[in-house]
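See below for my_file_38.csv, which holds CSV, C-alpha atoms and all ligand atoms.
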chain,number,residue,atom,x,y,z
A,747,MET,CA,0.0,0.0,0.0
A,748,THR,CA,1.2,3.5,-0.7
A,749,THR,CA,1.8,5.5,2.4
A,750,THR,CA,2.8,9.1,3.3
A,751,GLN,CA,6.3,9.2,4.8
A,752,PRO,CA,7.8,11.9,7.0
A,753,LEU,CA,11.4,12.4,6.0
A,754,SER,CA,14.0,10.8,8.2
A,755,LEU,CA,16.3,12.7,10.5
A,756,THR,CA,19.1,12.2,8.0
A,757,SER,CA,17.3,14.2,5.4
A,758,PRO,CA,18.6,17.8,4.8
A,759,LEU,CA,15.0,18.9,4.6
A,760,MET,CA,12.9,19.7,7.7
A,761,SER,CA,10.0,17.3,8.0
A,762,THR,CA,7.2,19.9,7.6
A,763,TYR,CA,5.4,17.7,5.0
A,764,SER,CA,4.3,14.1,4.9
A,765,ARG,CA,5.2,13.4,1.3
A,766,PHE,CA,3.7,10.8,-1.0
A,767,PRO,CA,6.3,8.5,-2.4
A,768,VAL,CA,6.3,10.2,-5.9
A,769,THR,CA,8.9,12.5,-7.4
A,770,LEU,CA,7.5,14.7,-10.1
A,771,VAL,CA,9.9,16.0,-12.8
A,772,LYS,CA,7.7,17.1,-15.7
A,773,GLY,CA,4.2,18.5,-16.4
A,774,LYS,CA,2.1,19.5,-19.4
A,775,GLY,CA,-1.6,20.4,-19.4
A,776,SER,CA,-3.5,18.1,-17.1
A,777,TYR,CA,-0.6,15.5,-16.7
A,778,VAL,CA,2.6,15.2,-14.8
A,779,TRP,CA,5.4,12.6,-15.0
A,780,ASP,CA,7.5,11.1,-12.3
A,781,ASP,CA,11.2,10.3,-12.4
A,782,GLN,CA,10.4,6.7,-13.5
A,783,GLY,CA,8.5,8.0,-16.5
A,784,VAL,CA,5.1,7.2,-15.0
A,785,LYS,CA,2.3,9.6,-16.2
A,786,TYR,CA,-0.3,10.8,-13.8
A,787,LEU,CA,-3.6,12.7,-14.4
A,788,ASP,CA,-3.2,15.7,-12.1
A,789,PHE,CA,-6.5,16.7,-10.5
A,790,THR,CA,-4.7,18.7,-7.8
A,791,SER,CA,-3.4,21.5,-10.0
A,792,GLY,CA,-0.6,22.0,-7.5
A,793,ILE,CA,-3.4,22.8,-4.9
A,794,ALA,CA,-5.3,25.2,-7.1
A,795,THR,CA,-2.2,26.9,-8.4
A,796,CYS,CA,-1.7,25.6,-12.0
A,797,ASN,CA,-5.2,26.6,-13.0
A,798,LEU,CA,-4.3,26.8,-16.7
A,799,GLY,CA,-2.7,23.3,-16.5
A,800,HIS,CA,1.1,22.7,-16.3
A,801,VAL,CA,3.5,24.9,-18.2
A,802,PRO,CA,0.8,26.7,-20.2
A,803,ASP,CA,2.2,28.0,-23.5
A,804,ALA,CA,0.8,31.5,-23.2
A,805,VAL,CA,2.5,32.1,-19.8
A,806,LYS,CA,5.7,30.2,-20.7
A,807,GLN,CA,6.2,32.5,-23.7
A,808,LYS,CA,5.8,35.7,-21.7
A,809,VAL,CA,8.0,34.5,-18.9
A,810,GLU,CA,10.7,33.5,-21.4
A,811,GLU,CA,10.5,36.9,-23.0
A,812,GLN,CA,10.8,38.6,-19.7
A,813,LEU,CA,13.8,36.4,-18.8
A,814,GLN,CA,15.7,38.0,-21.7
A,815,ASN,CA,15.1,41.5,-20.4
A,816,LEU,CA,14.9,42.2,-16.7
A,817,TRP,CA,14.3,39.7,-13.9
A,818,HIS,CA,14.1,41.9,-10.9
A,819,CYS,CA,14.1,45.6,-9.9
A,820,SER,CA,13.1,47.2,-6.7
A,821,ASN,CA,9.7,48.7,-6.1
A,822,LEU,CA,11.5,52.0,-5.8
A,823,TYR,CA,11.1,52.1,-9.6
A,824,HIS,CA,8.1,51.8,-11.9
A,825,ILE,CA,7.4,48.2,-13.2
A,826,PRO,CA,5.2,48.2,-16.3
A,827,ASN,CA,4.1,44.6,-15.9
A,828,GLN,CA,3.0,45.3,-12.4
A,829,GLU,CA,1.0,48.3,-13.4
A,830,GLN,CA,-0.7,46.5,-16.3
A,831,LEU,CA,-1.5,43.5,-14.0
A,832,ALA,CA,-3.0,45.8,-11.4
A,833,ALA,CA,-5.1,47.5,-14.1
A,834,LEU,CA,-6.5,44.2,-15.2
A,835,LEU,CA,-7.2,43.0,-11.7
A,836,THR,CA,-9.0,46.2,-10.8
A,837,ALA,CA,-10.9,46.4,-14.1
A,838,ASN,CA,-12.2,42.9,-13.5
A,839,SER,CA,-13.1,43.1,-9.8
A,840,CYS,CA,-14.8,45.6,-7.5
A,841,GLY,CA,-11.4,46.8,-6.2
A,842,ASP,CA,-9.5,50.0,-7.1
A,843,GLN,CA,-5.9,49.5,-6.1
A,844,VAL,CA,-3.5,46.5,-5.8
A,845,PHE,CA,-0.5,45.6,-3.5
A,846,PHE,CA,1.7,42.8,-4.7
A,847,CYS,CA,3.5,40.2,-2.6
A,848,ASN,CA,4.8,36.6,-3.1
A,849,SER,CA,2.3,34.2,-1.5
A,850,GLY,CA,-1.1,33.6,0.0
A,851,ALA,CA,-0.1,34.1,3.6
A,852,GLU,CA,1.7,37.3,2.7
A,853,ALA,CA,-1.5,38.5,0.9
A,854,ASN,CA,-3.5,37.9,4.0
A,855,GLU,CA,-0.8,39.6,6.1
A,856,ALA,CA,-1.2,42.6,3.9
A,857,ALA,CA,-5.0,42.5,4.3
A,858,ILE,CA,-4.7,42.3,8.1
A,859,LYS,CA,-2.2,45.2,8.2
A,860,LEU,CA,-4.5,47.2,5.9
A,861,ALA,CA,-7.5,46.5,8.2
A,862,ARG,CA,-5.6,47.5,11.3
A,863,ARG,CA,-4.4,50.7,9.7
A,864,TYR,CA,-7.8,51.4,8.4
A,865,ALA,CA,-9.2,51.2,11.9
A,866,ASN,CA,-6.4,53.2,13.5
A,867,LYS,CA,-5.8,55.9,10.8
A,868,VAL,CA,-9.0,56.2,8.6
A,869,LYS,CA,-11.8,55.4,11.1
A,870,GLY,CA,-9.8,56.6,14.0
A,871,SER,CA,-12.0,54.9,16.5
A,872,GLY,CA,-13.2,51.4,17.5
A,873,SER,CA,-11.5,48.1,17.5
A,874,SER,CA,-8.7,47.0,15.3
A,875,GLU,CA,-9.7,43.3,15.7
A,876,VAL,CA,-10.2,41.0,12.7
A,877,VAL,CA,-12.9,38.4,12.9
A,878,THR,CA,-12.5,35.1,11.0
A,879,PHE,CA,-14.5,31.9,11.0
A,880,THR,CA,-14.2,28.4,12.4
A,881,GLN,CA,-12.6,25.8,10.0
A,882,SER,CA,-11.0,28.6,8.0
A,883,PHE,CA,-7.5,28.5,6.6
A,884,HIS,CA,-5.6,31.7,6.0
A,885,GLY,CA,-1.9,30.7,6.0
A,886,ARG,CA,1.1,29.7,8.1
A,887,THR,CA,2.8,32.9,9.2
A,888,LEU,CA,2.2,34.0,12.8
A,889,ALA,CA,-0.6,36.5,12.0
A,890,THR,CA,-2.3,34.2,9.4
A,891,LEU,CA,-2.2,31.1,11.6
A,892,SER,CA,-3.7,33.2,14.4
A,893,ALA,CA,-6.4,34.3,11.9
A,894,THR,CA,-7.0,30.6,11.0
A,895,GLY,CA,-10.0,29.1,12.8
A,896,GLN,CA,-8.4,25.7,13.3
A,897,GLU,CA,-6.6,24.7,16.5
A,898,LYS,CA,-4.5,22.0,14.7
A,899,ILE,CA,-2.8,24.8,12.6
A,900,GLN,CA,-2.1,26.9,15.8
A,901,HIS,CA,-0.9,24.0,18.0
A,902,GLY,CA,2.4,24.6,19.7
A,903,PHE,CA,2.8,28.2,18.4
A,904,ALA,CA,1.6,30.1,21.4
A,905,PRO,CA,1.5,32.9,22.1
A,906,LEU,CA,-0.7,33.6,19.1
A,907,MET,CA,-0.9,37.1,17.7
A,908,PRO,CA,-3.6,39.1,19.5
A,909,GLY,CA,-6.4,40.8,17.6
A,910,PHE,CA,-8.3,37.9,16.2
A,911,SER,CA,-11.6,36.3,17.2
A,912,TYR,CA,-13.6,33.6,15.5
A,913,LEU,CA,-17.3,33.1,14.8
A,914,PRO,CA,-19.0,30.0,13.6
A,915,PHE,CA,-19.1,29.8,9.8
A,916,ASN,CA,-22.5,30.0,8.0
A,917,ASP,CA,-24.2,30.9,11.4
A,918,ILE,CA,-26.6,33.8,10.9
A,919,GLN,CA,-27.4,34.2,14.6
A,920,ALA,CA,-23.7,34.6,15.4
A,921,LEU,CA,-23.4,37.6,13.2
A,922,ASP,CA,-25.1,39.7,16.0
A,923,GLN,CA,-21.7,39.6,17.6
A,924,LEU,CA,-20.3,41.8,14.9
A,925,ALA,CA,-22.7,44.7,15.6
A,926,VAL,CA,-21.7,44.5,19.2
A,927,ARG,CA,-17.9,44.1,18.8
A,928,LYS,CA,-17.6,46.4,15.7
A,929,PRO,CA,-14.2,44.9,14.6
A,930,ALA,CA,-12.1,46.5,11.9
A,931,ALA,CA,-12.7,43.7,9.5
A,932,VAL,CA,-14.0,40.2,8.8
A,933,LEU,CA,-12.0,37.8,6.7
A,934,LEU,CA,-13.6,34.8,5.1
A,935,GLU,CA,-13.2,32.2,2.4
A,936,MET,CA,-16.2,32.0,0.0
A,937,ILE,CA,-15.6,28.3,0.0
A,938,GLN,CA,-13.5,27.0,2.8
A,939,GLY,CA,-10.9,24.9,0.9
A,940,GLU,CA,-8.5,23.4,3.4
A,941,GLY,CA,-11.3,23.2,6.0
A,942,GLY,CA,-13.3,20.6,3.9
A,943,VAL,CA,-14.6,22.3,0.7
A,944,ILE,CA,-17.5,24.1,2.6
A,945,PRO,CA,-19.3,26.8,0.5
A,946,ALA,CA,-20.5,29.9,2.3
A,947,GLU,CA,-24.3,30.0,2.2
A,948,GLN,CA,-25.9,32.8,0.2
A,949,GLU,CA,-28.3,34.0,2.9
A,950,TRP,CA,-25.5,34.1,5.5
A,951,VAL,CA,-23.2,36.0,3.1
A,952,ASN,CA,-26.0,38.6,2.4
A,953,GLU,CA,-26.5,39.1,6.1
A,954,LEU,CA,-22.7,39.4,6.7
A,955,ALA,CA,-22.3,41.9,4.0
A,956,GLN,CA,-25.2,44.0,5.4
A,957,VAL,CA,-23.8,44.0,8.9
A,958,CYS,CA,-20.4,45.0,7.6
A,959,GLN,CA,-21.8,47.9,5.7
A,960,GLU,CA,-24.0,49.1,8.5
A,961,ASN,CA,-21.1,49.1,11.0
A,962,ASP,CA,-18.2,50.2,8.8
A,963,ILE,CA,-16.5,46.8,9.1
A,964,LEU,CA,-14.2,45.9,6.2
A,965,LEU,CA,-15.5,42.9,4.3
A,966,MET,CA,-12.3,41.0,3.3
A,967,VAL,CA,-12.5,37.8,1.2
A,968,ASP,CA,-9.6,35.3,1.0
A,969,GLU,CA,-9.8,34.1,-2.6
A,970,ILE,CA,-6.4,32.5,-2.5
A,971,GLN,CA,-7.8,29.1,-3.3
A,972,THR,CA,-11.1,30.1,-4.9
A,973,GLY,CA,-9.8,32.9,-7.1
A,974,MET,CA,-8.4,33.0,-10.6
A,975,GLY,CA,-11.3,31.2,-12.2
A,976,ARG,CA,-11.3,28.2,-9.9
A,977,THR,CA,-15.0,28.3,-9.3
A,978,GLY,CA,-16.0,29.3,-12.8
A,979,THR,CA,-15.9,33.1,-12.4
A,980,LEU,CA,-12.6,35.1,-12.0
A,981,PHE,CA,-13.4,35.4,-8.3
A,982,ALA,CA,-15.9,33.3,-6.3
A,983,TYR,CA,-17.4,36.4,-4.5
A,984,GLN,CA,-18.8,37.4,-7.9
A,985,GLN,CA,-21.3,34.6,-7.7
A,986,TYR,CA,-22.7,35.9,-4.4
A,987,GLY,CA,-23.7,39.5,-5.5
A,988,ILE,CA,-21.4,41.2,-2.9
A,989,GLU,CA,-18.6,43.7,-3.2
A,990,PRO,CA,-15.8,43.0,-0.8
A,991,ASP,CA,-13.5,45.9,0.4
A,992,VAL,CA,-10.4,43.7,0.1
A,993,ILE,CA,-9.7,40.5,-1.9
A,994,SER,CA,-6.6,38.5,-1.3
A,995,ILE,CA,-5.2,36.3,-4.1
A,996,ALA,CA,-2.1,34.2,-4.8
A,997,LYS,CA,-1.9,30.5,-6.0
A,998,GLY,CA,-3.4,30.6,-9.5
A,999,LEU,CA,-2.3,34.2,-10.2
A,1000,GLY,CA,1.1,33.2,-11.6
A,1001,SER,CA,0.3,29.7,-12.9
A,1002,GLY,CA,2.9,28.3,-10.5
A,1003,PHE,CA,5.2,31.3,-10.4
A,1004,PRO,CA,5.2,32.7,-6.8
A,1005,ILE,CA,3.0,35.8,-6.6
A,1006,GLY,CA,0.3,37.1,-4.3
A,1007,ALA,CA,-1.7,40.3,-4.1
A,1008,ILE,CA,-4.5,42.2,-2.3
A,1009,ILE,CA,-7.0,44.2,-4.3
A,1010,ALA,CA,-8.8,46.9,-2.3
A,1011,LYS,CA,-11.5,49.4,-2.7
A,1012,GLU,CA,-10.2,53.0,-2.5
A,1013,LYS,CA,-11.9,53.4,0.9
A,1014,ALA,CA,-9.5,50.8,2.4
A,1015,ALA,CA,-6.5,51.2,0.1
A,1016,LYS,CA,-6.0,54.8,1.2
A,1017,ALA,CA,-5.0,53.5,4.6
A,1018,PHE,CA,-1.6,52.6,3.1
A,1019,GLU,CA,0.9,55.3,2.2
A,1020,PRO,CA,4.6,55.3,1.3
A,1021,GLY,CA,6.4,53.4,4.0
A,1022,SER,CA,3.4,51.5,5.5
A,1023,HIS,CA,4.1,48.2,3.7
A,1024,GLY,CA,6.5,46.7,1.3
A,1025,SER,CA,8.2,43.6,-0.2
A,1026,THR,CA,11.5,43.2,-2.0
A,1027,PHE,CA,10.2,40.7,-4.5
A,1028,GLY,CA,6.5,41.7,-4.5
A,1029,GLY,CA,5.3,42.2,-8.0
A,1030,ASN,CA,8.8,42.0,-9.6
A,1031,PRO,CA,9.0,42.0,-13.4
A,1032,LEU,CA,9.2,38.2,-13.8
A,1033,ALA,CA,6.4,37.4,-11.4
A,1034,THR,CA,4.1,40.0,-12.9
A,1035,ALA,CA,4.9,38.7,-16.4
A,1036,ALA,CA,3.5,35.4,-15.3
A,1037,GLY,CA,0.5,37.1,-13.6
A,1038,LEU,CA,-0.2,39.3,-16.6
A,1039,ALA,CA,-0.1,36.3,-19.1
A,1040,THR,CA,-2.2,34.2,-16.8
A,1041,ILE,CA,-5.0,36.7,-16.3
A,1042,THR,CA,-5.0,37.8,-19.9
A,1043,TYR,CA,-5.5,34.1,-20.9
A,1044,LEU,CA,-8.3,33.7,-18.3
A,1045,LEU,CA,-10.1,36.8,-19.6
A,1046,ASP,CA,-9.5,36.4,-23.4
A,1047,SER,CA,-9.9,32.6,-23.9
A,1048,ASN,CA,-13.0,30.4,-23.3
A,1049,VAL,CA,-11.3,28.8,-20.3
A,1050,LEU,CA,-13.8,30.1,-17.7
A,1051,ASP,CA,-16.7,28.9,-19.9
A,1052,ASN,CA,-15.0,25.5,-20.1
A,1053,ALA,CA,-14.6,25.4,-16.3
A,1054,LYS,CA,-18.3,26.0,-15.9
A,1055,LYS,CA,-19.3,23.3,-18.4
A,1056,MET,CA,-16.7,20.8,-17.1
A,1057,SER,CA,-17.9,21.5,-13.5
A,1058,GLU,CA,-21.4,20.3,-14.5
A,1059,TYR,CA,-20.0,17.2,-16.3
A,1060,LEU,CA,-17.8,16.4,-13.3
A,1061,ASP,CA,-20.9,16.7,-11.0
A,1062,VAL,CA,-22.7,14.2,-13.2
A,1063,GLN,CA,-19.8,11.7,-12.9
A,1064,LEU,CA,-19.5,12.2,-9.2
A,1065,GLN,CA,-23.2,11.8,-8.6
A,1066,SER,CA,-23.1,8.5,-10.5
A,1067,LEU,CA,-20.4,7.3,-8.2
A,1068,LYS,CA,-22.3,8.5,-5.2
A,1069,GLU,CA,-25.3,6.4,-6.3
A,1070,LYS,CA,-23.1,3.3,-6.5
A,1071,TYR,CA,-20.9,3.7,-3.4
A,1072,THR,CA,-22.5,4.3,0.0
A,1073,VAL,CA,-19.2,5.6,1.4
A,1074,ILE,CA,-19.8,8.8,-0.5
A,1075,LYS,CA,-22.1,11.0,1.5
A,1076,GLU,CA,-22.2,14.3,-0.3
A,1077,ILE,CA,-20.7,16.3,-3.2
A,1078,ARG,CA,-19.8,19.9,-2.4
A,1079,GLY,CA,-18.1,22.9,-4.0
A,1080,LYS,CA,-18.4,25.2,-7.0
A,1081,GLY,CA,-16.8,25.2,-10.4
A,1082,LEU,CA,-13.7,23.0,-10.4
A,1083,LEU,CA,-13.2,23.0,-6.6
A,1084,LYS,CA,-15.1,19.9,-5.6
A,1085,GLY,CA,-15.3,18.0,-2.3
A,1086,LEU,CA,-16.3,14.4,-2.1
A,1087,VAL,CA,-17.6,13.9,1.5
A,1088,LEU,CA,-17.0,10.4,2.7
A,1089,GLU,CA,-17.9,8.5,5.8
A,1090,SER,CA,-14.2,8.3,6.5
A,1091,GLY,CA,-10.9,7.4,4.9
A,1092,ALA,CA,-10.2,10.2,2.4
A,1093,LEU,CA,-6.4,9.7,2.7
A,1094,GLU,CA,-6.7,6.1,1.9
A,1095,ILE,CA,-8.5,6.8,-1.4
A,1096,VAL,CA,-6.0,9.5,-2.3
A,1097,GLN,CA,-3.2,7.0,-1.7
A,1098,LYS,CA,-4.9,4.3,-3.8
A,1099,ALA,CA,-5.5,6.8,-6.6
A,1100,ILE,CA,-1.7,7.3,-6.9
A,1101,GLY,CA,-1.5,3.6,-7.8
A,1102,ASN,CA,-4.1,4.3,-10.5
A,1103,GLN,CA,-2.0,7.2,-11.9
A,1104,LEU,CA,-4.4,9.8,-10.5
A,1105,LEU,CA,-3.4,12.7,-8.2
A,1106,ILE,CA,-6.1,14.1,-5.9
A,1107,LEU,CA,-6.1,15.6,-2.5
A,1108,THR,CA,-7.7,15.5,0.9
A,1109,ALA,CA,-9.4,18.4,2.8
A,1110,GLY,CA,-9.5,17.1,6.3
A,1111,PRO,CA,-10.0,13.4,7.3
A,1112,ASN,CA,-13.2,12.6,5.4
A,1113,VAL,CA,-13.2,14.9,2.3
A,1114,VAL,CA,-11.5,14.1,-1.0
A,1115,ARG,CA,-10.6,17.4,-2.8
A,1116,ILE,CA,-10.7,17.5,-6.6
A,1117,LEU,CA,-9.1,20.4,-8.4
A,1118,PRO,CA,-8.7,19.8,-12.1
A,1119,PRO,CA,-7.1,22.4,-14.3
A,1120,LEU,CA,-9.6,24.8,-15.9
A,1121,PRO,CA,-9.0,23.7,-19.5
A,1122,VAL,CA,-9.8,20.0,-18.5
A,1123,THR,CA,-11.6,18.0,-21.1
A,1124,LYS,CA,-14.5,15.5,-20.9
A,1125,ALA,CA,-12.1,12.7,-21.9
A,1126,GLU,CA,-9.8,13.6,-18.9
A,1127,ILE,CA,-12.8,13.6,-16.6
A,1128,ASP,CA,-13.8,10.2,-17.8
A,1129,GLU,CA,-10.3,9.0,-17.2
A,1130,PHE,CA,-10.5,10.5,-13.7
A,1131,THR,CA,-13.8,8.8,-13.0
A,1132,ILE,CA,-12.5,5.4,-13.9
A,1133,ALA,CA,-9.4,5.8,-11.8
A,1134,LEU,CA,-11.3,7.2,-8.8
A,1135,GLU,CA,-13.9,4.3,-9.0
A,1136,LYS,CA,-11.0,1.8,-9.0
A,1137,SER,CA,-9.5,3.5,-6.0
A,1138,ILE,CA,-12.8,3.4,-4.1
A,1139,GLN,CA,-13.4,-0.3,-5.0
A,1140,SER,CA,-9.9,-1.3,-3.8
A,1141,THR,CA,-10.4,0.6,-0.6
A,1142,GLU,CA,-13.7,-1.1,0.0
A,1143,LYS,CA,-12.1,-4.5,-0.6
A,1144,GLY,CA,-9.3,-3.6,1.8
A,1145,GLU,CA,-6.7,-4.3,-0.9
B,1201,LIG,C1,-7.7,30.1,1.5
B,1201,LIG,C2,-6.2,30.1,1.7
B,1201,LIG,N1,-5.6,31.2,2.2
B,1201,LIG,C3,-4.3,31.3,2.4
B,1201,LIG,C4,-3.5,30.2,2.0
B,1201,LIG,C5,-2.0,30.4,2.2
B,1201,LIG,O1,-1.3,30.5,1.0
B,1201,LIG,P1,0.3,30.2,0.8
B,1201,LIG,O2,0.5,28.8,1.1
B,1201,LIG,O3,0.6,30.7,-0.6
B,1201,LIG,O4,0.9,31.1,1.9
B,1201,LIG,C6,-4.0,29.1,1.4
B,1201,LIG,C7,-3.2,28.0,1.0
B,1201,LIG,O5,-3.6,26.9,0.9
B,1201,LIG,C8,-5.4,29.0,1.2
B,1201,LIG,O6,-6.0,28.0,0.7

Would you write the structure of this file as structure tokens?
Amino acid sequence: MTTTQPLSLTSPLMSTYSRFPVTLVKGKGSYVWDDQGVKYLDFTSGIATCNLGHVPDAVKQKVEEQLQNLWHCSNLYHIPNQEQLAALLTANSCGDQVFFCNSGAEANEAAIKLARRYANKVKGSGSSEVVTFTQSFHGRTLATLSATGQEKIQHGFAPLMPGFSYLPFNDIQALDQLAVRKPAAVLLEMIQGEGGVIPAEQEWVNELAQVCQENDILLMVDEIQTGMGRTGTLFAYQQYGIEPDVISIAKGLGSGFPIGAIIAKEKAAKAFEPGSHGSTFGGNPLATAAGLATITYLLDSNVLDNAKKMSEYLDVQLQSLKEKYTVIKEIRGKGLLKGLVLESGALEIVQKAIGNQLLILTAGPNVVRILPPLPVTKAEIDEFTIALEKSIQSTEKGE
């Protein structure tokens, strides 16, 4: 049986990951290859990062062009790719200005800093607290793990950063607390990814947005996993009819090239001024070449339409498996971020799938997370369905 193995003490790498026994060396489109030449169908997309598939030609070409010219320069100078990428992000969201960084956690750090500064400098009164939700995931830095509503992520890192409190997710009654506490901001995922692929409910989101507006609380959405087309629209919040004040993004923004950002409405963005925040690498010419090519492709091709259509097709396939196998309790998610809720044993199915040349993920102990690239085809979904079914069958037989 395939198992996950912590690295031994003799490894030069710290054992922060339980790795699967696979070494990937090449990728193209929906497929990756290991160092033995074995080909796998990749329905993880590098955890919602390679949204256009592996090594997408449109992005590769722009990064190669940029490699010939300038790799890095400081943010003390103008960076055209950065300005163009910011213009596209603001033109296609409800935000007005962008700050670039290098990862999801850093994007949420920037959002948290912006919220505190908004409370202290712009509002000038009230709390600088940020409210988040149970089962959320916002990153691994000290501030973002403190923002994360899961004890397992915080375990052993006390003292946590002060200034965070947590409310139950999707609980309308609990929103009364916001009007009482009047925090600086709330931070939420539209679909909790790491927490188990749990979509925010429309009614709860409506109420939350209204309470935020009435009490001058910044509405901040963490779209690090749900953004860049993953749920069938550029951002997931666009399917909820709300206008967040701050949007954090990373993962899919650079197609695998490290880049993160926050997009903020002017009301919030003006809390930052020269010297309030910064990053050496944030938005450098190479990273923003990847970002610019990625978003241009997302907007100009039919890939978002494809994601919507393939989401429906994938639902049909997953439903047919649910009818056959009682271990499957529910199918959740939006677009191409799907969760297969099981009675138990998600990791076992993910491990069996590797033997069937399929890469998928868990999201907690009983959810299998499925993240195909957005250009996925019907034939690839059929291939996935066969490999997943085999994995479920061999788990049930205890093979
Ligand atoms: C919703 C969400 N927020 C934040 C993060 C942290 O992003 P990063 O690992 O790039 O720091 C993740 C990563 O999985 C995420 O899914």

Can you tell me which residues come within 8 Å of ligand LIG 1201 (chain B) when counting all atoms listed in the file, ideally as a PyMOL selection string? chain A and resi 793+848-854+882-887+890+935+938-940+968-972+996-997+1004+1006

At a cut-off of 12 Å, using all atoms listed in the file, what residues contact Ala1053 of chain A? Leave out same-chain residues fewer than 3 positions from it and give the result as a PyMOL selection string. chain A and resi 797-798+974-980+1044+1047-1050+1056-1061+1080-1083+1117-1124+1127

List as a PyMOL selection string the protein and nucleic acid residues near Ala804 of chain A, meaning an atom at most 12 Å away when all atoms listed in the file are counted, but skip any in the same chain fewer than 4 places from it. chain A and resi 775+798-800+808-811+1000-1001+1035-1044+1046-1047

Could you list, as a list in words, every residue within 6 Å of segment 828-837 of chain A, counting all atoms listed in the file and ignoring same-chain residues fewer than 5 positions away?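 After dropping sequence-adjacent residues, the list is Asp842, Val844, Gly1029, Thr1034 and Leu1038 of chain A.
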
Select, from A:Gln985, A:Lys1143, A:Ile1009, A:Lys859, the residue with the minimum atom-to-atom distance to His1023 of chain A, counting all atoms listed in the file.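 Smallest separation from His1023 of chain A among the options: A:Lys859.
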
To one decimal place, how far is atom CA of Leu860 of chain A from atom CA of Glu989 of chain A in Å?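 Value for the atom CA of Leu860 of chain A-atom CA of Glu989 of chain A distance: 17.1 Å.
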
Give me the residues near segment 1099-1110 of chain A as a PyMOL selection string, where near means some atom within 10 Å (using all atoms listed in the file) and where sequence neighbours in that chain fewer than 3 positions away do not count. chain A and resi 747-748+766-768+777-779+784-793+881+938-944+1085-1087+1090-1096+1113-1118+1129-1138+1140-1141

Given all atoms listed in the file as the basis, pick out the residue of A:Leu1032, A:Thr756, A:Ile993, A:Leu888 nearest to Met907 of chain A.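 Nearest to Met907 of chain A: A:Leu888.
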
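The two atoms in question, atom CA of Asp962 of chain A and atom CA of Phe910 of chain A, are spaced 17.4 Å apart.
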
Between atom CA of Ala1033 of chain A and atom CA of Asn821 of chain A, what distance in Å does the model show, to one decimal?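 Distance reported for this atom pair: 12.9 Å.
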
Would you kindly return, as a count of residues only, each protein, DNA or RNA residue with an atom no farther than 9 Å from any atom of Ala861 of chain A, considering all atoms listed in the file and excluding same-chain residues fewer than 5 positions away? 11
